[in-house]
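**Student:** Shown below is the structure under consideration.
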Amino acid sequence: MPASSPVEREVRARIDRYGPLPFDEVVELALYDPDHGFYTSGGLAGRRGDFITSPEVGPLFGAVVAAALDRWWEELGRPDPFVVVDAGAGVGTLAIAIRAAAPRCGASLTYVLVERSAALRARHGEHLELTVPQHALPPAGRSAIEACGEGRSGPVFTSLAELPALGIEGVVIANELLDNLPFKLLERGRDTWAEVRVGVDAEGRLVEVLVPAEPRLARLGERFAPEAPAGARIPLQLAASRWLHEALTLVERGRVVVLDYVSDTPSLARRSQDSWLRTFRGHQRGGPPLGQLGLQDVTCEVAVDQLARVHPPTVVRDQAAFLRAHGIDDLVEEGRRTWRQRAHIGDLAALRARSRVREAEALLDPAGLGGFQVLEWNRPP
């Protein structure tokens, strides 16, 4: 059977060479293959992309995050540089909105956009003046970050392919990143756990293959879902846990903030896999995860209990509560006042003010983005 995509051809070649592949390896290729992965070959968030995240709803989300950054900067004693690492930055939509909001911390702000997709990273300079070119700043610690801000007169923006190394005072923020990190897949058997791998059947189709889970994986399955019935499936989000460990190591003082749709492993085990392992393409649900590899997004709900094994979060709340805590209601009321004052003019300021109401409705909707969870890990001063 002919392969339908370059990624599928690569998956088949690896299966021929090594046998059935771990599920996380297939997801890694589907999303991040250097030449043909979904994110490396054109997949992106936004109205012209494949899905909408909070920053793409409009500038209001970024304005609220800017207010949160000001509060966190004050709590840390106004450090300079105040480093904000935007992990999974995409094309830079959140950074653009934060800059437009002109936060008080702007004179101290060093903003690092981290995006592993070279195609998306190449767009960071379209609307942001990158103080240090991407190729000139390798992942580095405090000295390189501080060097970015020498002679600054306002916020400094730079762009990296991966998290910088140790030693920042500030914030790592990841909006809908962890659900896109590769994950292993386990299925509960009658007596123990099996690992779901990907092989090829007699007719040449990519299919799931169950193999006995190696002891380490079986122990994790038992730890996270001890009551799972036979046939239940769970993701093991080892890559997300590694990312959290790296982010927490990076922040000497400040916090790590993750916004995503989350659950816990026992809940995932009680639900159908199709309800928490989803694909998207062109703002529609996509096909089966093994179909059209590299041509559709693959996401998995984030299991907060697995992240808590790295370190328990300090604060867990839904996105609506997070946005209200950082002033979204005041910004919306300000927009209403501006609209009432300028509606008869109908200029750009009036239209932007009016749009805040609609943006807030989307961002606070408990059945949509407002129901996402915000997890915070604080590194106190």
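How things are named: the first chain in the structure tokens is A, the next is B, and so on; residues count from 1 in each chain; ligands count from 1 in the order shown.
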Using DSSP on the backbone, list every residue of range 194-223 of chain A that comes out as alpha helix (DSSP H), and give them as a VMD selection string.
**Tutor:** chain A and resid 215 to 223
**Student:** Include C-alpha atoms and write out the residues we just selected as a JSON list (two decimals), in the first residue's frame.
**Tutor:**
[["chain", "number", "residue", "atom", "x", "y", "z"],
["A", 215, "PRO", "CA", 8.92, -2.91, 33.59],
["A", 216, "ARG", "CA", 9.55, 0.81, 34.02],
["A", 217, "LEU", "CA", 6.52, 1.73, 31.91],
["A", 218, "ALA", "CA", 4.34, -0.90, 33.58],
["A", 219, "ARG", "CA", 5.25, 0.52, 36.99],
["A", 220, "LEU", "CA", 4.28, 4.00, 35.86],
["A", 221, "GLY", "CA", 0.97, 2.71, 34.50],
["A", 222, "GLU", "CA", 0.26, 1.06, 37.85],
["A", 223, "ARG", "CA", 1.29, 4.17, 39.75]]
**Student:** Mind checking which residues fall within 12 Å of Ala66 in chain A, counting only C-alpha atoms, ignoring those fewer than 3 positions away in the same chain, and posting them as a count of residues only?
**Tutor:** 33
**Student:** Taking only C-alpha atoms into account, name the residue in A:Thr158, A:Gln273, A:Thr314, A:Thr279 that is nearest to Leu295 in chain A.
**Tutor:**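 So, comparing all the options, the nearest one is A:Thr279.
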**Student:** To one decimal place in Å, what is the distance between CA of Val64 in chain A and CA of Glu126 in chain A?
**Tutor:**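 We find that CA of Val64 in chain A and CA of Glu126 in chain A lie 23.1 Å from each other.
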**Student:** Find the residue from A:Asp80, A:Ser241, A:Gly282, A:Arg352 that sits nearest to Leu307 in chain A; use only C-alpha atoms when measuring.
**Tutor:**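 So, comparing all the options, the nearest one is A:Ser241.
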**Student:** Neighbours of range 20-26 of chain A within 7 Å (only C-alpha atoms; same-chain residues fewer than 4 positions away dropped), as a compact mmCIF listing (two decimals) with C-alpha atoms, in the first residue's frame?
**Tutor:**
# COMPACT_ATOMS: atom_id res chain seq x y z
CA VAL A 11 7.58 5.68 9.70
CA ILE A 15 9.35 -0.10 11.08
CA ALA A 30 4.17 13.51 12.70
CA PRO A 182 4.93 13.29 22.20
CA PHE A 183 3.55 10.69 24.60
CA LYS A 184 3.68 6.95 25.04
CA LEU A 185 0.47 4.97 25.00
CA VAL A 196 0.80 0.44 22.14
CA ARG A 197 3.27 0.57 19.27
CA VAL A 198 2.85 1.14 15.54
CA GLY A 199 3.48 -1.58 12.99
**Student:** Hey, what does DSSP flag as strand (DSSP E) within range 7-232 of chain A? Can you give it to me as number ranges by chain?
**Tutor:** A: 21-22, 82-87, 109-114, 130-132, 156-160, 168-175, 184-188, 193-200, 206-212
